[in-house]
>>> print(open('data.cif').read())   # mmCIF, C-alpha atoms
data_target
loop_
_atom_site.label_atom_id
_atom_site.label_comp_id
_atom_site.auth_asym_id
_atom_site.auth_seq_id
_atom_site.Cartn_x
_atom_site.Cartn_y
_atom_site.Cartn_z
CA MET A 1 16.09 -9.33 -18.99
CA ILE A 2 15.66 -6.10 -20.97
CA LEU A 3 11.88 -6.30 -20.51
CA TRP A 4 12.25 -6.51 -16.71
CA SER A 5 14.69 -3.59 -16.67
CA VAL A 6 12.31 -1.47 -18.76
CA LEU A 7 9.38 -2.39 -16.52
CA LEU A 8 11.45 -1.51 -13.45
CA LEU A 9 12.34 1.84 -14.99
CA VAL A 10 8.69 2.62 -15.85
CA HIS A 11 7.69 1.52 -12.32
CA MET A 12 10.24 3.98 -10.93
CA LEU A 13 9.07 6.83 -13.17
CA PHE A 14 5.48 6.41 -12.02
CA ALA A 15 6.75 6.24 -8.43
CA VAL A 16 8.55 9.58 -8.91
CA ALA A 17 5.36 11.20 -10.18
CA LEU A 18 3.40 9.66 -7.30
CA ILE A 19 5.85 10.77 -4.62
CA GLY A 20 5.70 14.33 -5.95
CA ALA A 21 1.91 14.44 -5.96
CA ILE A 22 1.37 12.79 -2.57
CA THR A 23 4.06 14.93 -0.91
CA HIS A 24 2.41 18.10 -2.23
CA GLN A 25 -0.94 16.98 -0.89
CA ALA A 26 0.39 15.76 2.47
CA VAL A 27 2.25 19.03 3.07
CA SER A 28 -0.86 21.01 2.12
CA VAL A 29 -2.92 19.19 4.77
CA CYS A 30 -0.22 19.25 7.48
CA TRP A 31 0.87 22.82 6.95
CA PRO A 32 -1.88 24.58 4.98
CA ASN A 33 -1.39 27.94 3.37
CA SER A 34 -4.62 29.47 2.12
CA GLY A 35 -3.20 32.78 0.91
CA ARG A 36 -1.19 33.44 -2.23
CA SER A 37 2.51 33.19 -1.57
CA LYS A 38 5.49 34.36 -3.57
CA SER A 39 7.87 31.98 -1.81
CA PHE A 40 8.56 28.48 -3.12
CA VAL A 41 7.70 26.87 0.23
CA GLY A 42 4.48 28.88 0.53
CA ALA A 43 3.42 27.91 -2.99
CA PHE A 44 4.32 24.27 -2.24
CA ARG A 45 2.06 24.34 0.83
CA GLY A 46 -0.72 26.26 -0.87
CA VAL A 47 -1.91 23.68 -3.38
CA ASN A 48 -5.53 22.56 -3.50
CA GLY A 49 -5.33 18.98 -2.21
CA MET A 50 -8.63 18.00 -3.83
CA THR A 51 -7.20 18.39 -7.33
CA TYR A 52 -4.57 15.72 -6.60
CA VAL A 53 -6.89 12.94 -5.43
CA ASN A 54 -7.73 11.18 -8.69
CA ALA A 55 -4.19 11.54 -10.04
CA ILE A 56 -2.76 10.04 -6.85
CA ILE A 57 -5.17 7.09 -6.99
CA VAL A 58 -4.34 6.38 -10.65
CA LEU A 59 -0.58 6.77 -10.09
CA PHE A 60 -0.68 4.59 -6.97
CA LEU A 61 -2.56 1.81 -8.76
CA ILE A 62 -0.35 1.88 -11.87
CA THR A 63 2.81 1.87 -9.74
CA ALA A 64 1.51 -0.95 -7.54
CA VAL A 65 0.38 -3.08 -10.50
CA LEU A 66 3.76 -2.62 -12.21
CA GLY A 67 5.43 -3.61 -8.93
CA ALA A 68 3.23 -6.71 -8.70
CA ILE A 69 4.24 -7.68 -12.26
CA ILE A 70 7.95 -7.28 -11.47
CA TYR A 71 7.64 -8.98 -8.07
CA PRO A 72 8.17 -12.64 -9.23
CA ASN A 73 11.44 -11.57 -10.85
CA TYR A 74 12.52 -10.07 -7.52
CA ARG A 75 11.68 -13.32 -5.74
CA ILE A 76 13.74 -15.41 -8.14
CA ASN A 77 16.70 -13.17 -8.97
CA VAL A 78 17.09 -10.55 -6.24
CA ARG A 79 15.88 -11.95 -2.93
CA PRO A 80 18.17 -15.03 -2.97
CA VAL A 81 21.13 -12.72 -3.60
CA LEU A 82 20.16 -10.52 -0.65
CA HIS A 83 19.87 -13.66 1.46
CA SER A 84 23.18 -15.15 0.38
CA PHE A 85 25.00 -11.88 1.10
CA ARG A 86 23.18 -11.66 4.46
CA PHE A 87 21.54 -8.36 3.52
CA TYR A 88 18.76 -9.08 5.98
CA LYS A 89 17.79 -5.49 6.70
CA PRO A 90 17.17 -4.54 3.04
CA GLU A 91 15.33 -7.83 2.56
CA GLY A 92 13.14 -7.22 5.61
CA SER A 93 12.55 -3.64 4.55
CA PHE A 94 11.34 -4.85 1.17
CA GLU A 95 8.99 -7.34 2.87
CA PHE A 96 7.62 -4.46 4.93
CA LYS A 97 7.27 -2.35 1.79
CA GLU A 98 5.21 -5.08 0.13
CA HIS A 99 2.74 -5.13 3.03
CA ALA A 100 2.67 -1.35 3.50
CA VAL A 101 1.87 -0.79 -0.18
CA THR A 102 -0.87 -3.44 -0.03
CA LEU A 103 -2.49 -1.70 2.93
CA GLY A 104 -2.02 1.66 1.18
CA ALA A 105 -3.76 0.38 -1.95
CA ALA A 106 -6.61 -0.97 0.17
CA LEU A 107 -6.92 2.45 1.77
CA LEU A 108 -7.50 4.21 -1.57
CA PRO A 109 -11.32 3.79 -1.58
CA ALA A 110 -11.50 5.41 1.88
CA TYR A 111 -9.02 8.08 0.82
CA TRP A 112 -11.23 8.92 -2.17
CA TYR A 113 -14.36 8.96 0.02
CA PHE A 114 -12.94 11.32 2.65
CA TRP A 115 -11.71 13.78 0.00
CA ARG A 116 -14.87 13.49 -2.13
CA TYR A 117 -17.24 14.03 0.80
CA PRO A 118 -15.39 16.37 3.17
CA VAL A 119 -17.20 17.17 6.41
CA ASP A 120 -15.76 18.82 9.51
CA GLY A 121 -15.96 15.63 11.56
CA ASN A 122 -13.88 13.73 9.02
CA ARG A 123 -11.14 16.28 8.42
CA GLY A 124 -8.74 14.68 10.89
CA THR A 125 -9.33 11.24 9.39
CA ARG A 126 -8.85 12.58 5.87
CA ASN A 127 -5.54 14.15 6.88
CA ALA A 128 -4.38 11.00 8.70
CA VAL A 129 -5.23 8.80 5.71
CA THR A 130 -3.34 11.18 3.41
CA ILE A 131 -0.30 11.18 5.70
CA PHE A 132 -0.43 7.38 5.97
CA LEU A 133 -0.38 7.11 2.17
CA ALA A 134 2.45 9.64 1.91
CA LEU A 135 4.59 7.75 4.44
CA THR A 136 3.84 4.47 2.66
CA VAL A 137 4.89 5.90 -0.70
CA TRP A 138 8.07 7.41 0.76
CA TRP A 139 9.01 4.13 2.45
CA ALA A 140 8.33 2.15 -0.73
CA PHE A 141 10.31 4.60 -2.83
CA LEU A 142 13.37 4.65 -0.59
CA VAL A 143 13.46 0.88 -0.07
CA GLY A 144 12.95 0.29 -3.79
CA HIS A 145 15.81 2.68 -4.49
CA VAL A 146 18.14 0.85 -2.08
CA ILE A 147 17.21 -2.58 -3.49
CA ASN A 148 17.76 -1.24 -7.01
CA ASN A 149 21.20 -0.04 -5.95
CA ILE A 150 22.05 -3.48 -4.55
CA ARG A 151 20.78 -5.49 -7.49
CA GLY A 152 18.49 -3.70 -9.86
CA PHE A 153 18.65 -2.03 -13.23
CA GLY A 154 21.18 -3.68 -15.55
CA SER A 155 22.41 -6.27 -13.04
CA MET B 1 -27.90 4.89 0.39
CA LYS B 2 -24.60 5.87 -1.17
CA ILE B 3 -22.36 2.87 -1.73
CA ALA B 4 -19.38 5.21 -1.20
CA ARG B 5 -20.05 5.31 2.56
CA LEU B 6 -18.97 1.65 2.64
CA PHE B 7 -15.51 2.46 1.26
CA PRO B 8 -13.96 3.22 4.68
CA VAL B 9 -15.41 -0.07 5.97
CA PHE B 10 -13.80 -1.91 3.05
CA SER B 11 -10.40 -0.31 3.73
CA ALA B 12 -10.44 -0.99 7.48
CA ALA B 13 -11.74 -4.55 6.99
CA PHE B 14 -9.08 -5.30 4.37
CA ALA B 15 -6.35 -4.28 6.82
CA ALA B 16 -7.98 -6.17 9.71
CA ILE B 17 -8.15 -9.38 7.64
CA TYR B 18 -4.64 -8.90 6.22
CA ALA B 19 -2.90 -9.47 9.57
CA PRO B 20 -4.29 -12.97 10.32
CA ALA B 21 -4.27 -13.89 6.61
CA LEU B 22 -0.55 -13.15 6.50
CA TYR B 23 0.22 -14.79 9.83
CA TYR B 24 -1.74 -17.99 9.17
CA ASN B 25 -1.17 -17.92 5.38
CA TRP B 26 -4.83 -17.97 4.31
CA THR B 27 -4.04 -18.09 0.63
CA PRO B 28 -6.43 -19.78 -1.82
CA PHE B 29 -3.63 -20.32 -4.35
CA THR B 30 0.14 -20.13 -4.77
CA TYR B 31 2.24 -18.86 -7.64
CA GLN B 32 5.51 -20.64 -8.33
CA PRO B 33 7.64 -18.02 -10.11
CA ALA B 34 10.46 -20.46 -10.93
CA THR B 35 8.17 -22.72 -12.95
CA MET B 36 5.41 -20.14 -13.64
CA GLU B 37 2.79 -22.50 -12.19
CA TRP B 38 -0.34 -21.72 -10.21
CA ASN B 39 -1.46 -24.18 -7.54
CA TRP B 40 -4.54 -24.31 -5.36
CA GLY B 41 -3.83 -23.78 -1.65
CA ALA B 42 -0.51 -23.05 0.02
CA VAL B 43 1.97 -25.17 -1.91
CA THR B 44 5.77 -25.10 -1.74
CA LYS B 45 7.52 -26.65 -4.73
CA GLN B 46 10.78 -25.96 -6.49
CA GLY B 47 11.96 -22.41 -5.88
CA PRO B 48 10.37 -19.76 -3.69
CA PRO B 49 6.55 -19.88 -3.55
CA MET B 50 4.53 -16.65 -3.72
CA PHE B 51 1.48 -16.53 -1.49
CA TRP B 52 0.99 -12.77 -1.72
CA TYR B 53 -1.32 -12.77 -4.76
CA GLY B 54 -3.59 -15.26 -3.01
CA LEU B 55 -3.57 -13.21 0.18
CA LEU B 56 -4.78 -10.19 -1.80
CA VAL B 57 -7.74 -12.21 -3.08
CA THR B 58 -8.58 -13.49 0.41
CA CYS B 59 -8.52 -9.99 1.87
CA PHE B 60 -10.43 -8.46 -1.06
CA VAL B 61 -13.23 -11.00 -0.79
CA GLY B 62 -13.31 -10.68 3.01
CA ALA B 63 -13.38 -6.89 2.85
CA CYS B 64 -16.19 -6.95 0.27
CA ALA B 65 -18.17 -9.28 2.56
CA ALA B 66 -17.58 -6.96 5.53
CA ALA B 67 -18.69 -3.95 3.49
CA ALA B 68 -21.82 -5.84 2.39
CA LEU B 69 -22.63 -6.61 6.03
CA ALA B 70 -22.01 -2.97 6.96
CA ALA B 71 -24.58 -1.96 4.33
CA LEU B 72 -27.21 -3.63 6.53
CA VAL B 73 -26.36 -1.36 9.46
CA PRO B 74 -28.67 1.70 9.69
CA GLU B 75 -26.93 4.94 8.79
CA ARG B 76 -27.67 6.58 12.18
CA VAL B 77 -25.86 3.69 13.91
CA ALA B 78 -22.99 3.72 11.40
CA ARG B 79 -22.42 7.43 12.09
CA ARG B 80 -21.54 6.62 15.69
CA VAL B 81 -18.53 4.57 14.61
CA TRP B 82 -15.33 6.57 14.84
CA PRO B 83 -14.04 7.20 11.26
CA GLY B 84 -10.46 7.23 12.57
CA LEU B 85 -10.55 3.42 12.57
CA THR B 86 -9.94 3.73 8.84
CA TRP B 87 -6.32 4.76 9.44
CA LEU B 88 -5.83 3.33 12.93
CA VAL B 89 -6.44 -0.29 11.84
CA PRO B 90 -3.83 -0.21 9.02
CA VAL B 91 -1.34 1.47 11.38
CA ALA B 92 -1.92 -1.24 14.01
CA VAL B 93 -1.53 -3.93 11.34
CA LEU B 94 1.75 -2.39 10.18
CA VAL B 95 3.03 -2.44 13.77
CA PHE B 96 2.09 -6.12 13.97
CA ILE B 97 3.82 -6.83 10.64
CA ALA B 98 6.94 -4.99 11.82
CA TYR B 99 6.86 -7.22 14.90
CA ILE B 100 6.68 -10.46 12.89
CA LEU B 101 9.43 -9.20 10.55
CA ARG B 102 11.76 -8.34 13.44
CA PRO B 103 14.13 -11.31 12.80
CA TYR B 104 15.32 -9.48 9.69
CA TYR B 105 16.56 -6.66 11.91
CA THR B 106 17.87 -8.72 14.83
CA HIS B 107 19.93 -11.14 12.74
#
>>> encode(input="data.cif", output="structure tokens")
Amino acid sequence: MILWSVLLLVHMLFAVALIGAITHQAVSVCWPNSGRSKSFVGAFRGVNGMTYVNAIIVLFLITAVLGAIIYPNYRINVRPVLHSFRFYKPEGSFEFKEHAVTLGAALLPAYWYFWRYPVDGNRGTRNAVTIFLALTVWWAFLVGHVINNIRGFGS
Amino acid sequence: MKIARLFPVFSAAFAAIYAPALYYNWTPFTYQPATMEWNWGAVTKQGPPMFWYGLLVTCFVGACAAAALAALVPERVARRVWPGLTWLVPVAVLVFIAYILRPYYTH
């Protein structure tokens, strides 16, 4: 049980790093700030999105692989508890998270391509793909947090 | 030809295959977490079966095949395809998945 708790904790730590990186990048494409800014918000918006791409891909893959390793334990020890307590909404949200993260992971090659080869015609697609990934990561993070609160670390 | 231009095709194809694969359970194998067994095909034994790993393989192989077919398409034709399909297909698939998961929210 300690091994699963440690893996869950490491999974969460990578997810924290990922959510920070993808949020920075998503904000920089939605609300760009090309000039130097002294304000916190301006500096947050003014990052160079390109420098985040490889880190986001690596963090996404590590987090997803760790999640896939933990997943059988969830199916045996957590999901039946959610079901027996009729926590259908958290259970359904986790199901949706599983599929959203899968589609997000499949989108990573395209995400890399659109950032690596930026052309004017693809800018909108690049931004949409980045926002899709950011929303996926946020959904996965929040649902994972709720499930962890219900029956996670140390339970 | 740069192989990287096939990456958006792979991503969109993966999502497009994921929806029917999930709905019809096109899994080549099943993992039984309770007994830590792997079985060929969609098999339900003791405890909850896990089809998800098999679905990933199905979609990966299908998306690779679609990307290989797309490699045969001349680049001037491929450029006419709207790149926005790369994000629109996964969004549409997520809407479909939300629809099939609606019993969780209407219980």
>>> closest_atom_pairs(input="data.cif", of="chain B", to="chain A", cutoff="9 Å", atoms="only C-alpha atoms", output="Markdown table")
| residue | atom | partner | partner_atom | distance |
| --- | --- | --- | --- | --- |
| B:Ala4 | CA | A:Tyr113 | CA | 6.4 |
| B:Arg5 | CA | A:Tyr113 | CA | 7.2 |
| B:Leu6 | CA | A:Ala110 | CA | 8.4 |
| B:Phe7 | CA | A:Ala110 | CA | 5.0 |
| B:Pro8 | CA | A:Ala110 | CA | 4.3 |
| B:Val9 | CA | A:Ala110 | CA | 7.9 |
| B:Phe10 | CA | A:Pro109 | CA | 7.8 |
| B:Ser11 | CA | A:Leu107 | CA | 4.9 |
| B:Ala12 | CA | A:Leu107 | CA | 7.5 |
| B:Phe14 | CA | A:Ala106 | CA | 6.5 |
| B:Ala15 | CA | A:Leu103 | CA | 6.1 |
| B:Tyr18 | CA | A:Leu103 | CA | 8.2 |
| B:Tyr31 | CA | A:Pro72 | CA | 8.7 |
| B:Gln32 | CA | A:Pro72 | CA | 8.5 |
| B:Pro33 | CA | A:Pro72 | CA | 5.5 |
| B:Ala34 | CA | A:Ile76 | CA | 6.6 |
| B:Gly47 | CA | A:Ile76 | CA | 7.6 |
| B:Pro48 | CA | A:Arg75 | CA | 6.9 |
| B:Pro49 | CA | A:Arg75 | CA | 8.6 |
| B:Met50 | CA | A:Pro72 | CA | 7.7 |
| B:Trp52 | CA | A:Glu98 | CA | 9.0 |
| B:Tyr53 | CA | A:Ala68 | CA | 8.5 |
| B:Leu56 | CA | A:Thr102 | CA | 8.0 |
| B:Phe60 | CA | A:Ala106 | CA | 8.5 |
| B:Pro83 | CA | A:Thr125 | CA | 6.5 |
| B:Gly84 | CA | A:Thr125 | CA | 5.2 |
| B:Leu85 | CA | A:Thr125 | CA | 8.5 |
| B:Thr86 | CA | A:Ala110 | CA | 7.3 |
| B:Trp87 | CA | A:Val129 | CA | 5.6 |
| B:Leu88 | CA | A:Ala128 | CA | 8.9 |
| B:Pro90 | CA | A:Leu103 | CA | 6.4 |
| B:Val91 | CA | A:Phe132 | CA | 8.1 |
| B:Val93 | CA | A:Leu103 | CA | 8.8 |
| B:Leu94 | CA | A:Ala100 | CA | 6.8 |
| B:Ile97 | CA | A:Phe96 | CA | 7.3 |
| B:Ala98 | CA | A:Phe96 | CA | 6.9 |
| B:Leu101 | CA | A:Gly92 | CA | 6.5 |
| B:Arg102 | CA | A:Gly92 | CA | 8.0 |
| B:Pro103 | CA | A:Gly92 | CA | 8.3 |
| B:Tyr104 | CA | A:Tyr88 | CA | 5.1 |
| B:Tyr105 | CA | A:Lys89 | CA | 5.5 |
| B:Thr106 | CA | A:Lys89 | CA | 8.7 |
| B:His107 | CA | A:Tyr88 | CA | 7.2 |
>>> closest_residue(input="data.cif", among="A:Leu18, A:Ile70, A:Leu8, A:Ile150", to="Phe85 in chain A", atoms="only C-alpha atoms")
A:Ile150
>>> atom_distance(input="data.cif", atom1="CA of Phe51 in chain B", atom2="CA of Leu142 in chain A")
24.3 Å
>>> residues_around(input="data.cif", residues="range 55-66 of chain A", least_positions_apart="2", cutoff="6 Å", atoms="only C-alpha atoms", output="ChimeraX atom specification")
/A:11,14,18,52-53,68-69
>>> resolve_selection(input="data.cif", expression="the PyMOL selection byres ((chain B and resi 62) around 10)", output="short mmCIF file (atom, residue, chain, number, x, y, z; two decimals) with C-alpha atoms, keeping the file's coordinate frame")
data_model
loop_
_atom_site.label_atom_id
_atom_site.label_comp_id
_atom_site.auth_asym_id
_atom_site.auth_seq_id
_atom_site.Cartn_x
_atom_site.Cartn_y
_atom_site.Cartn_z
CA PHE B 10 -13.80 -1.91 3.05
CA ALA B 13 -11.74 -4.55 6.99
CA PHE B 14 -9.08 -5.30 4.37
CA ALA B 16 -7.98 -6.17 9.71
CA ILE B 17 -8.15 -9.38 7.64
CA TYR B 18 -4.64 -8.90 6.22
CA LEU B 56 -4.78 -10.19 -1.80
CA VAL B 57 -7.74 -12.21 -3.08
CA THR B 58 -8.58 -13.49 0.41
CA CYS B 59 -8.52 -9.99 1.87
CA PHE B 60 -10.43 -8.46 -1.06
CA VAL B 61 -13.23 -11.00 -0.79
CA ALA B 63 -13.38 -6.89 2.85
CA CYS B 64 -16.19 -6.95 0.27
CA ALA B 65 -18.17 -9.28 2.56
CA ALA B 66 -17.58 -6.96 5.53
CA ALA B 67 -18.69 -3.95 3.49
CA ALA B 68 -21.82 -5.84 2.39
#
>>> resolve_selection(input="data.cif", expression="the PyMOL selection byres ((chain A and resi 48) around 10)", output="compact mmCIF listing (two decimals) with C-alpha atoms, in the coordinates of the input")
# COMPACT_ATOMS: atom_id res chain seq x y z
CA HIS A 24 2.41 18.10 -2.23
CA GLN A 25 -0.94 16.98 -0.89
CA SER A 28 -0.86 21.01 2.12
CA VAL A 29 -2.92 19.19 4.77
CA PRO A 32 -1.88 24.58 4.98
CA ASN A 33 -1.39 27.94 3.37
CA SER A 34 -4.62 29.47 2.12
CA ARG A 45 2.06 24.34 0.83
CA GLY A 46 -0.72 26.26 -0.87
CA VAL A 47 -1.91 23.68 -3.38
CA GLY A 49 -5.33 18.98 -2.21
CA MET A 50 -8.63 18.00 -3.83
CA THR A 51 -7.20 18.39 -7.33
CA TYR A 52 -4.57 15.72 -6.60
CA VAL A 53 -6.89 12.94 -5.43
>>> closest_residue(input="data.cif", among="B:Gly54, B:Gln46, B:Trp40, B:Arg76", to="Asn25 in chain B", atoms="only C-alpha atoms")
B:Gly54
>>> atom_distance(input="data.cif", atom1="CA of Lys97 in chain A", atom2="CA of Thr136 in chain A")
7.7 Å
>>> atom_distance(input="data.cif", atom1="CA of Asn148 in chain A", atom2="CA of Val78 in chain A")
9.4 Å
>>> closest_residue(input="data.cif", among="B:Phe29, B:Lys2, B:Glu37, B:Ala19", to="Glu75 in chain B", atoms="only C-alpha atoms")
B:Lys2
>>> axis_aligned_box(input="data.cif", around="range 115-130 of chain A", padding_each_side="6 Å", output="lines of an AutoDock Vina configuration file")
center_x = -10.3
center_y = 13.8
center_z = 4.7
size_x = 25.9
size_y = 22.0
size_z = 25.7
>>> decode(input="data.cif", residues="range 121-134 of chain A", atoms="N, CA and C atoms", output="tab-separated table (two decimals), in the first residue's frame")
chain	number	residue	atom	x	y	z
A	121	GLY	N	-0.83	30.31	-41.07
A	121	GLY	CA	-2.07	29.59	-41.27
A	121	GLY	C	-2.40	28.60	-40.16
A	122	ASN	N	-1.37	28.23	-39.40
A	122	ASN	CA	-1.58	27.22	-38.35
A	122	ASN	C	-1.65	27.81	-36.95
A	123	ARG	N	-1.54	29.13	-36.85
A	123	ARG	CA	-1.46	29.74	-35.52
A	123	ARG	C	-2.73	29.45	-34.70
A	124	GLY	N	-3.88	29.58	-35.34
A	124	GLY	CA	-5.14	29.32	-34.63
A	124	GLY	C	-5.22	27.87	-34.15
A	125	THR	N	-4.79	26.95	-35.01
A	125	THR	CA	-4.80	25.53	-34.63
A	125	THR	C	-3.84	25.28	-33.48
A	126	ARG	N	-2.66	25.88	-33.56
A	126	ARG	CA	-1.67	25.71	-32.50
A	126	ARG	C	-2.24	26.20	-31.16
A	127	ASN	N	-2.89	27.35	-31.19
A	127	ASN	CA	-3.47	27.89	-29.96
A	127	ASN	C	-4.60	27.00	-29.44
A	128	ALA	N	-5.44	26.51	-30.37
A	128	ALA	CA	-6.57	25.66	-29.95
A	128	ALA	C	-6.07	24.36	-29.35
A	129	VAL	N	-5.03	23.78	-29.96
A	129	VAL	CA	-4.47	22.53	-29.42
A	129	VAL	C	-3.89	22.77	-28.03
A	130	THR	N	-3.22	23.90	-27.86
A	130	THR	CA	-2.62	24.24	-26.56
A	130	THR	C	-3.72	24.42	-25.51
A	131	ILE	N	-4.79	25.11	-25.89
A	131	ILE	CA	-5.89	25.34	-24.94
A	131	ILE	C	-6.58	24.01	-24.61
A	132	PHE	N	-6.75	23.17	-25.62
A	132	PHE	CA	-7.35	21.84	-25.37
A	132	PHE	C	-6.52	21.08	-24.34
A	133	LEU	N	-5.20	21.07	-24.52
A	133	LEU	CA	-4.33	20.36	-23.57
A	133	LEU	C	-4.43	20.97	-22.18
A	134	ALA	N	-4.47	22.31	-22.13
A	134	ALA	CA	-4.55	22.98	-20.82
A	134	ALA	C	-5.85	22.61	-20.10
